[in-house]
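Visitor: To be precise about what I am sending: the file is called data-v5.txt and holds compact mmCIF, C-alpha atoms.
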# COMPACT_ATOMS: atom_id res chain seq x y z
CA MET I 1 8.43 1.20 2.89
CA GLY I 2 5.29 -0.89 2.49
CA GLY I 3 1.68 0.00 3.22
CA ALA I 4 1.65 -1.37 6.78
CA GLU I 5 4.85 0.50 7.68
CA HIS I 6 3.58 3.74 6.15
CA LEU I 7 0.30 3.42 8.02
CA SER I 8 2.07 2.74 11.32
CA LEU I 9 4.24 5.83 10.86
CA ILE I 10 1.52 8.34 10.06
CA ILE I 11 -0.95 6.99 12.64
CA SER I 12 1.69 7.02 15.38
CA ASP I 13 2.74 10.56 14.50
CA TYR I 14 -0.89 11.73 14.55
CA LEU I 15 -1.61 10.05 17.90
CA ALA I 16 1.50 11.55 19.49
CA ARG I 17 0.64 15.04 18.27
CA ASN I 18 -3.11 15.11 18.75
CA THR I 19 -4.14 12.69 21.52
CA SER I 20 -3.16 11.56 25.00
CA ILE I 21 -2.33 8.10 23.64
CA GLU I 22 1.37 7.19 23.59
CA PRO I 23 2.12 5.07 20.50
CA ILE I 24 4.97 2.56 20.43
CA VAL I 25 5.85 0.86 17.13
CA CYS I 26 7.00 -2.75 17.49
CA ALA I 27 8.69 -4.78 14.76
CA LEU I 28 8.95 -8.56 14.82
CA GLU I 29 12.48 -8.42 13.46
CA SER I 30 13.68 -4.84 13.04
CA CYS I 31 12.13 -1.47 12.25
CA GLY I 32 14.79 -1.07 9.56
CA PRO I 33 14.57 2.15 7.48
CA LEU I 34 11.34 3.05 9.28
CA ARG I 35 13.24 3.64 12.55
CA GLU I 36 14.86 6.86 11.31
CA LYS I 37 11.47 8.40 10.52
CA LEU I 38 10.00 7.22 13.84
CA VAL I 39 12.92 8.64 15.81
CA ALA I 40 12.56 11.96 13.96
CA ALA I 41 8.89 12.00 14.99
CA LYS I 42 9.90 11.12 18.59
CA ILE I 43 8.00 7.82 18.45
CA ARG I 44 9.27 5.01 20.66
CA THR I 45 10.16 1.71 18.99
CA PHE I 46 10.76 -1.85 20.09
CA ASP I 47 12.36 -4.67 18.08
CA VAL I 48 11.12 -8.10 19.15
CA GLY I 49 14.20 -9.64 17.51
CA LYS I 50 12.47 -12.63 15.94
CA ARG I 51 14.96 -15.16 14.57
CA ALA I 52 14.57 -17.04 11.29
CA GLY I 53 11.85 -19.70 11.24
CA ILE I 54 9.47 -20.26 14.13
CA ASP I 55 10.81 -18.44 17.20
CA ILE I 56 8.74 -19.08 20.34
CA GLY I 57 11.15 -16.85 22.23
CA ALA I 58 9.89 -13.91 20.19
CA SER I 59 6.39 -14.31 21.60
CA LEU I 60 7.83 -14.47 25.13
CA ARG I 61 9.85 -11.29 24.55
CA LEU I 62 6.76 -9.56 23.16
CA ARG I 63 4.69 -10.69 26.17
CA SER I 64 7.33 -9.34 28.55
CA PHE I 65 7.30 -6.00 26.73
CA LEU I 66 3.49 -5.76 26.79
CA LYS I 67 3.46 -6.41 30.55
CA LYS I 68 6.33 -4.04 31.32
CA GLU I 69 4.76 -1.17 29.38
CA ASN I 70 1.21 -1.99 30.55
CA ILE I 71 0.01 -1.86 26.93
CA SER I 72 -3.77 -1.43 26.69
CA ILE I 73 -4.19 -1.77 22.90
CA MET I 74 -2.16 -3.99 20.57
CA HIS I 75 -2.80 -3.44 16.86
CA VAL I 76 -1.02 -5.96 14.61
CA HIS I 77 -0.64 -5.79 10.85
CA ASN I 78 -0.44 -8.89 8.65
CA LEU I 79 -0.11 -12.59 9.35
CA GLY I 80 3.25 -12.90 11.15
CA PRO I 81 2.51 -10.27 13.81
CA LEU I 82 -0.98 -11.77 14.22
CA LEU I 83 0.47 -15.21 15.05
CA TYR I 84 3.08 -13.88 17.48
CA GLY I 85 0.68 -11.37 19.00
CA PHE I 86 -1.78 -14.19 19.67
CA LEU I 87 0.88 -16.36 21.30
CA ALA I 88 2.16 -13.45 23.39
CA THR I 89 -1.26 -12.56 24.82
CA ARG I 90 -2.80 -16.05 25.02
CA PHE I 91 -2.39 -16.53 28.77
CA MET I 92 -1.93 -12.95 29.94
CA ALA I 93 -4.04 -12.14 33.01
CA LYS I 94 -4.52 -8.57 31.78
CA ARG I 95 -4.74 -8.90 28.02
CA PRO I 96 -4.58 -5.76 25.85
CA ARG I 97 -7.37 -5.11 23.38
CA PHE I 98 -6.32 -7.04 20.28
CA LEU I 99 -6.80 -5.37 16.87
CA TYR I 100 -5.77 -6.90 13.56
CA THR I 101 -5.38 -5.49 10.05
CA GLU I 102 -4.66 -7.49 6.91
CA HIS I 103 -3.67 -5.35 3.92
CA VAL I 104 -4.70 -7.85 1.23
CA ARG I 105 -6.96 -10.87 0.96
CA LEU I 106 -4.61 -13.37 2.58
CA GLU I 107 -5.55 -16.24 0.25
CA GLN I 108 -3.87 -14.26 -2.55
CA GLU I 109 -0.49 -14.51 -0.80
CA VAL I 110 -0.76 -17.73 1.22
CA PHE I 111 -1.51 -20.98 -0.62
CA ARG I 112 -1.16 -23.56 2.16
CA PRO I 113 -4.67 -24.61 3.29
CA SER I 114 -3.36 -25.58 6.73
CA LEU I 115 -1.93 -22.09 7.31
CA LEU I 116 -5.13 -20.42 6.11
CA PHE I 117 -7.09 -22.66 8.51
CA VAL I 118 -4.85 -21.66 11.44
CA HIS I 119 -5.16 -18.02 10.37
CA ARG I 120 -8.96 -18.19 10.48
CA LEU I 121 -8.91 -19.80 13.91
CA ILE I 122 -6.59 -17.18 15.39
CA ALA I 123 -8.42 -14.30 13.69
CA GLN I 124 -11.55 -15.36 15.59
CA GLN I 125 -9.76 -14.40 18.82
CA VAL I 126 -9.16 -10.74 17.99
CA ASP I 127 -11.36 -8.04 19.45
CA LEU I 128 -11.61 -6.09 16.19
CA PHE I 129 -10.60 -6.60 12.57
CA VAL I 130 -9.71 -3.18 11.11
CA SER I 131 -9.95 -3.21 7.31
CA ILE I 132 -8.35 -0.75 4.87
CA ALA I 133 -10.91 -1.41 2.12
CA GLN I 134 -14.50 -2.58 1.77
CA HIS I 135 -13.56 -5.70 -0.22
CA ILE I 136 -11.27 -6.83 2.64
CA SER I 137 -14.12 -6.31 5.11
CA GLU I 138 -16.26 -8.55 2.92
CA TYR I 139 -13.46 -11.11 2.82
CA ALA I 140 -13.20 -11.06 6.63
CA SER I 141 -16.91 -11.72 6.92
CA GLU I 142 -17.43 -14.20 4.11
CA ARG I 143 -14.14 -16.13 4.05
CA MET I 144 -12.73 -15.70 7.55
CA GLY I 145 -16.09 -16.05 9.27
CA LEU I 146 -15.77 -12.96 11.45
CA PRO I 147 -19.03 -11.48 12.77
CA GLU I 148 -19.84 -8.05 11.33
CA LYS I 149 -19.76 -6.47 14.81
CA LYS I 150 -16.02 -7.27 14.92
CA ILE I 151 -15.23 -5.59 11.58
CA VAL I 152 -14.38 -1.90 11.21
CA THR I 153 -13.57 -0.36 7.83
CA ILE I 154 -11.18 2.61 7.73
CA PRO I 155 -10.04 3.17 4.12
CA ASN I 156 -6.45 4.22 3.41
CA GLY I 157 -6.07 7.97 3.12
CA ILE I 158 -3.77 10.41 1.33
CA ASP I 159 -2.62 13.95 2.16
CA ILE I 160 -3.83 15.51 -1.07
CA GLU I 161 -2.03 18.81 -0.50
CA LYS I 162 1.31 17.01 -0.52
CA TYR I 163 0.68 16.17 -4.18
CA SER I 164 0.00 19.78 -5.28
CA THR I 165 3.72 20.44 -5.73
CA HIS I 166 5.15 22.42 -8.65
CA GLU I 167 8.51 20.68 -8.27
CA VAL I 168 9.46 18.23 -11.04
CA ALA I 169 12.23 15.63 -10.80
CA ALA I 170 15.16 17.07 -12.77
CA ASP I 171 16.00 13.92 -14.75
CA LEU I 172 12.39 13.48 -15.84
CA LEU I 173 12.08 17.16 -16.69
CA ALA I 174 14.98 16.70 -19.11
CA LEU I 175 13.21 13.76 -20.73
CA LYS I 176 10.05 15.82 -21.14
CA ALA I 177 12.05 18.63 -22.68
CA SER I 178 13.39 16.21 -25.29
CA GLY I 179 9.84 15.36 -26.37
CA LYS I 180 9.28 12.13 -24.43
CA VAL I 181 5.87 11.20 -23.04
CA LEU I 182 6.16 9.48 -19.69
CA ILE I 183 4.25 6.55 -18.23
CA GLY I 184 4.98 6.20 -14.53
CA CYS I 185 4.79 3.13 -12.34
CA ILE I 186 5.64 3.50 -8.65
CA ALA I 187 5.81 0.05 -7.06
CA ALA I 188 8.34 -2.28 -5.47
CA LEU I 189 9.88 -4.66 -8.01
CA ARG I 190 8.33 -7.83 -6.60
CA PRO I 191 6.05 -10.52 -8.09
CA GLN I 192 2.76 -9.07 -6.78
CA LYS I 193 3.25 -5.91 -8.83
CA ASN I 194 3.57 -7.84 -12.11
CA HIS I 195 5.82 -5.37 -13.95
CA GLU I 196 6.21 -7.94 -16.72
CA THR I 197 2.80 -7.04 -18.14
CA LEU I 198 3.69 -3.34 -18.24
CA ILE I 199 7.02 -4.00 -19.92
CA ARG I 200 5.44 -6.31 -22.51
CA SER I 201 2.79 -3.66 -23.21
CA MET I 202 5.57 -1.23 -24.12
CA SER I 203 6.46 -3.41 -27.13
CA ILE I 204 3.04 -2.43 -28.49
CA VAL I 205 2.92 1.18 -27.25
CA SER I 206 6.38 2.06 -28.60
CA GLY I 207 5.37 0.80 -32.04
CA SER I 208 2.70 3.52 -32.27
CA ILE I 209 4.26 6.12 -29.98
CA PRO I 210 8.07 5.84 -30.30
CA ASP I 211 8.66 8.64 -27.78
CA ALA I 212 6.72 6.84 -25.03
CA VAL I 213 8.91 5.95 -22.02
CA LEU I 214 7.93 3.75 -19.09
CA VAL I 215 9.59 4.92 -15.85
CA LEU I 216 9.72 2.24 -13.15
CA VAL I 217 10.15 3.85 -9.73
CA GLY I 218 11.12 1.43 -6.98
CA ASP I 219 13.48 -1.45 -6.37
CA GLY I 220 13.21 -5.06 -5.31
CA PRO I 221 14.08 -8.71 -5.90
CA CYS I 222 12.72 -8.86 -9.45
CA ARG I 223 14.93 -6.12 -10.88
CA LYS I 224 17.45 -8.35 -12.67
CA GLN I 225 14.84 -10.47 -14.41
CA LEU I 226 12.90 -7.36 -15.42
CA GLU I 227 16.04 -5.77 -16.83
CA ALA I 228 16.65 -8.98 -18.79
CA LEU I 229 13.09 -8.81 -20.17
CA VAL I 230 13.63 -5.21 -21.28
CA GLU I 231 16.86 -6.24 -23.02
CA ASP I 232 15.22 -9.25 -24.64
CA ARG I 233 12.38 -7.09 -25.98
CA GLY I 234 14.73 -4.40 -27.29
CA LEU I 235 13.08 -1.78 -25.10
CA ALA I 236 16.15 -0.12 -23.57
CA ARG I 237 15.10 3.23 -25.10
CA ASN I 238 11.54 2.92 -23.82
CA VAL I 239 11.92 1.61 -20.26
CA ILE I 240 13.88 3.30 -17.46
CA PHE I 241 14.63 1.76 -14.06
CA ALA I 242 14.66 4.83 -11.81
CA GLY I 243 15.21 2.94 -8.55
CA TYR I 244 14.08 4.15 -5.15
CA ARG I 245 13.12 7.83 -5.08
CA PRO I 246 12.13 9.63 -1.87
CA ASN I 247 10.35 12.57 -3.53
CA ILE I 248 7.32 10.84 -5.05
CA PRO I 249 5.26 14.02 -5.68
CA ALA I 250 8.07 15.43 -7.87
CA MET I 251 8.14 12.17 -9.87
CA LEU I 252 4.38 12.14 -10.31
CA LYS I 253 4.41 15.74 -11.50
CA ALA I 254 6.42 14.67 -14.58
CA PHE I 255 4.26 11.71 -15.60
CA ASP I 256 1.64 11.96 -18.33
CA VAL I 257 -0.06 8.72 -17.23
CA VAL I 258 0.40 6.35 -14.29
CA ALA I 259 -0.05 2.59 -14.70
CA LEU I 260 -0.10 -0.32 -12.24
CA SER I 261 -0.44 -3.92 -13.39
CA SER I 262 -0.67 -5.62 -9.98
CA LEU I 263 -1.91 -9.19 -9.62
CA TYR I 264 -3.73 -8.19 -6.42
CA GLU I 265 -4.06 -5.19 -4.12
CA GLY I 266 -5.62 -4.16 -0.84
CA LEU I 267 -6.16 -0.47 -1.50
CA SER I 268 -3.18 0.79 -3.47
CA LEU I 269 -1.38 3.76 -1.92
CA SER I 270 0.49 4.22 -5.22
CA ALA I 271 -2.79 4.54 -7.11
CA LEU I 272 -4.15 6.96 -4.49
CA GLU I 273 -0.97 9.05 -4.72
CA ALA I 274 -1.23 9.26 -8.51
CA MET I 275 -4.89 10.21 -8.35
CA ALA I 276 -4.19 12.82 -5.64
CA ALA I 277 -1.58 14.29 -8.01
CA GLY I 278 -4.29 14.68 -10.66
CA LYS I 279 -2.94 11.98 -12.95
CA SER I 280 -5.00 9.71 -15.16
CA VAL I 281 -4.42 6.09 -14.17
CA VAL I 282 -4.59 2.67 -15.83
CA LEU I 283 -4.95 -0.13 -13.29
CA SER I 284 -5.36 -3.89 -13.46
CA ASP I 285 -8.94 -4.93 -12.74
CA VAL I 286 -8.40 -6.65 -9.39
CA TYR I 287 -9.89 -6.27 -5.91
CA GLY I 288 -8.97 -2.88 -4.47
CA ASN I 289 -8.36 -1.25 -7.84
CA SER I 290 -11.95 -1.89 -8.90
CA GLU I 291 -13.05 -0.37 -5.60
CA LEU I 292 -11.15 2.82 -6.51
CA ILE I 293 -12.18 2.98 -10.18
CA GLN I 294 -15.92 2.41 -10.32
CA ASP I 295 -16.42 4.23 -13.62
CA GLU I 296 -14.21 5.46 -16.46
CA THR I 297 -14.43 9.13 -15.49
CA VAL I 298 -11.63 8.65 -12.93
CA GLY I 299 -9.45 5.96 -14.53
CA LEU I 300 -9.28 2.89 -16.73
CA LEU I 301 -9.30 -0.76 -15.67
CA VAL I 302 -7.78 -3.51 -17.79
CA ALA I 303 -7.62 -7.28 -17.46
CA PRO I 304 -4.66 -8.37 -15.32
CA GLN I 305 -1.79 -9.99 -17.23
CA SER I 306 -3.00 -8.61 -20.55
CA PRO I 307 -0.25 -6.54 -22.25
CA GLU I 308 -2.63 -5.94 -25.16
CA GLU I 309 -5.36 -4.36 -23.00
CA MET I 310 -2.80 -2.37 -21.01
CA ALA I 311 -1.23 -1.04 -24.22
CA LYS I 312 -4.60 -0.10 -25.70
CA ALA I 313 -5.62 1.86 -22.59
CA LEU I 314 -2.25 3.61 -22.37
CA MET I 315 -2.42 4.68 -26.01
CA VAL I 316 -5.95 6.02 -25.60
CA LEU I 317 -4.73 8.32 -22.83
CA LEU I 318 -1.35 9.24 -24.31
CA GLN I 319 -3.00 10.33 -27.56
CA ASN I 320 -5.75 12.39 -25.88
CA GLU I 321 -4.45 15.12 -23.58
CA PRO I 322 -7.89 16.69 -22.85
CA LEU I 323 -9.16 13.26 -21.71
CA ARG I 324 -6.09 12.81 -19.49
CA LYS I 325 -6.69 16.17 -17.84
CA ARG I 326 -10.42 15.57 -17.27
CA MET I 327 -9.76 12.13 -15.85
CA GLY I 328 -6.94 13.38 -13.61
CA ALA I 329 -9.07 16.20 -12.20
CA ALA I 330 -11.93 13.78 -11.48
CA ALA I 331 -9.51 11.35 -9.81
CA ARG I 332 -8.13 14.08 -7.57
CA GLN I 333 -11.65 15.11 -6.57
CA LEU I 334 -12.53 11.50 -5.72
CA VAL I 335 -9.51 11.20 -3.42
CA ALA I 336 -10.36 14.49 -1.72
CA GLU I 337 -13.93 13.33 -1.06
CA ARG I 338 -13.37 9.70 -0.04
CA TYR I 339 -9.72 9.12 0.84
CA ASP I 340 -8.61 12.19 2.81
CA VAL I 341 -5.84 11.28 5.26
CA ARG I 342 -7.32 13.56 7.92
CA THR I 343 -10.54 11.55 7.94
CA MET I 344 -8.58 8.30 8.17
CA LEU I 345 -6.36 9.49 11.02
CA LYS I 346 -9.27 10.85 13.07
CA SER I 347 -11.09 7.54 12.61
CA TYR I 348 -8.12 5.61 14.02
CA ALA I 349 -7.72 8.06 16.91
CA ASP I 350 -11.42 7.87 17.76
CA LEU I 351 -11.29 4.06 17.66
CA TYR I 352 -8.25 3.83 19.95
CA GLU I 353 -9.64 6.40 22.40
CA SER I 354 -12.96 4.56 22.55
CA LEU I 355 -11.19 1.28 23.31
CA SER I 356 -8.99 2.98 25.92
CA GLU I 357 -12.05 4.35 27.70
CA GLN I 358 -13.71 0.92 27.65
CA GLY I 359 -10.62 -0.57 29.29
CA GLU I 360 -10.57 1.89 32.18
Write out the structure in this file as structure tokens.
Guide:
Amino acid sequence: MGGAEHLSLIISDYLARNTSIEPIVCALESCGPLREKLVAAKIRTFDVGKRAGIDIGASLRLRSFLKKENISIMHVHNLGPLLYGFLATRFMAKRPRFLYTEHVRLEQEVFRPSLLFVHRLIAQQVDLFVSIAQHISEYASERMGLPEKKIVTIPNGIDIEKYSTHEVAADLLALKASGKVLIGCIAALRPQKNHETLIRSMSIVSGSIPDAVLVLVGDGPCRKQLEALVEDRGLARNVIFAGYRPNIPAMLKAFDVVALSSLYEGLSLSALEAMAAGKSVVLSDVYGNSELIQDETVGLLVAPQSPEEMAKALMVLLQNEPLRKRMGAAARQLVAERYDVRTMLKSYADLYESLSEQGE
């Protein structure tokens, strides 16, 4: 489940429990695995049923749904929903308030100038751009040309108490008992997350710390090529593909260090989770990560796509347990002060309620 899906779930659940607003989660294609969690939380869902390619019918189906349900606020996440949301509401007599969130700087994922141009034009039509990080707010102002009065920043938040667990994943506990030191990476196996750099860094780390093991939590389209890289590097004893795991706090509890070598980020939920769990982190020095780690008391930043720098930082932490503990405690405190999920959820609720009152 990606960042947008996670955000939709926890915001909807909070609204349903704590406000008079009735949330409905719409998916362009299908809610997929998210539906089960939404149903359990008694949140209504609607699948637009978008077909492959450009599907004008999808915008018509969305428009019909918005009219039928008398929707007063439509909050879309990412480019596809923005485009179809714009088409659906373009000629509506009673148009819902139109909010838009992009979870990364779009130019890092979209390379067609024509599409970026269309994106900027449509983004001008939204009522509010809701950003998950300060650097994305700056991008919206400087690159998308949105006026500052249209930009609201609500940073991603984490339930810090959820990561205070004493439970440890059984398979990792066994590894620890055998004397292994564990480097954790919790991220979907897709190009953005750049697991190649982490794997290549293990060729260096394992030379100095033979008992170091990199545990890759998550699955995705790059798994086969990453497994081939591990085989090619002779790292089968030092890299484990753990696959999808639902109990992330129990995984984090076992890790000595957490590392993420992403090519780009918005505001990494994986990094926030690790920090909330009191773990020292090594992150690639990209937008979002550098917003989280502003000094070396809470984590280390390394050049993206540099196995050498990643390995050096990992070895510094793996060989210095007191430093790991100090850094992890400072990271947890930072999350508690700046990225508390309760603050985030109340900010969204206050925003929606304010817009609802304006529409009455």
Visitor: Could you check which of I:Met315, I:Leu272, I:Ile24, I:Leu60 is closest to Phe46 in chain I, using all atoms listed in the file?
Guide: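 The closest residue to Phe46 in chain I is I:Ile24.
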Visitor: Nearest to Ala188 in chain I: which of I:Glu167, I:Glu231, I:Asp340, I:Asp219 is it, counting all atoms listed in the file?
Guide: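 Closest to Ala188 in chain I, using all atoms listed in the file: I:Asp219.
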Visitor: Provide an axis-aligned box for all listed atoms of range 42-46 of chain I, padding each side by 5 Å; report its centre and its edge lengths in Å to one decimal, as AutoDock Vina command-line options.
Guide:
--center_x 9.4 --center_y 4.6 --center_z 19.6 --size_x 12.8 --size_y 23.0 --size_z 12.2
Visitor: Which of these residues is nearest to Met144 in chain I, using only C-alpha atoms: I:Leu314, I:Leu116, I:Val48, I:Ala271?
Guide: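 Residue with the minimum atom-to-atom distance to Met144 in chain I: I:Leu116.
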Visitor: How far is it from CA of Leu175 in chain I to CA of Arg223 in chain I, in Å with one decimal?
Guide: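 For CA of Leu175 in chain I relative to CA of Arg223 in chain I, the distance reads 22.3 Å.
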Visitor: Can you measure CA of Leu9 in chain I to CA of Cys185 in chain I for me? One decimal in Å is fine.
Guide: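 We find that CA of Leu9 in chain I and CA of Cys185 in chain I lie 23.4 Å from each other.
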Visitor: Quick one, how far is CA of Leu182 in chain I from CA of Phe255 in chain I?
Guide: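 Straight-line distance from CA of Leu182 in chain I to CA of Phe255 in chain I works out to 5.0 Å.
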Visitor: Please provide the set of residues having any atom within 10 Å of Ser268 in chain I, restricted to only C-alpha atoms, with same-chain residues fewer than 3 positions apart removed, written as a PyMOL selection string.
Guide: chain I and resi 3+103-104+132-133+156+187+260+262+264-265+271-273+288-289+292
Visitor: When you count all atoms listed in the file, which of these residues is closest to Pro81 in chain I: I:Gly243, I:Ala52, I:Glu29, I:Ala41?
Guide: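 Of all the options, I:Glu29 lies closest to Pro81 in chain I.
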Visitor: Which residue out of I:His135, I:Ser347, I:Glu357, I:Glu296 has the minimum interatomic distance to Tyr14 in chain I when only C-alpha atoms are used?
Guide: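 Looking at the shortest contact to Tyr14 in chain I, the residue is I:Ser347.
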Visitor: For Arg90 in chain I, which residue among I:Val76, I:Val281, I:Leu128, I:Ile122 is the nearest when counting all atoms listed in the file?
Guide: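 So, comparing all the options, the nearest one is I:Ile122.
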Visitor: Lys312 in chain I: which residues within 12 Å, counting only C-alpha atoms, same-chain residues fewer than 3 positions away excluded, as a PyMOL selection string?
Guide: chain I and resi 198+201-209+282+300-303+306-309+315-319
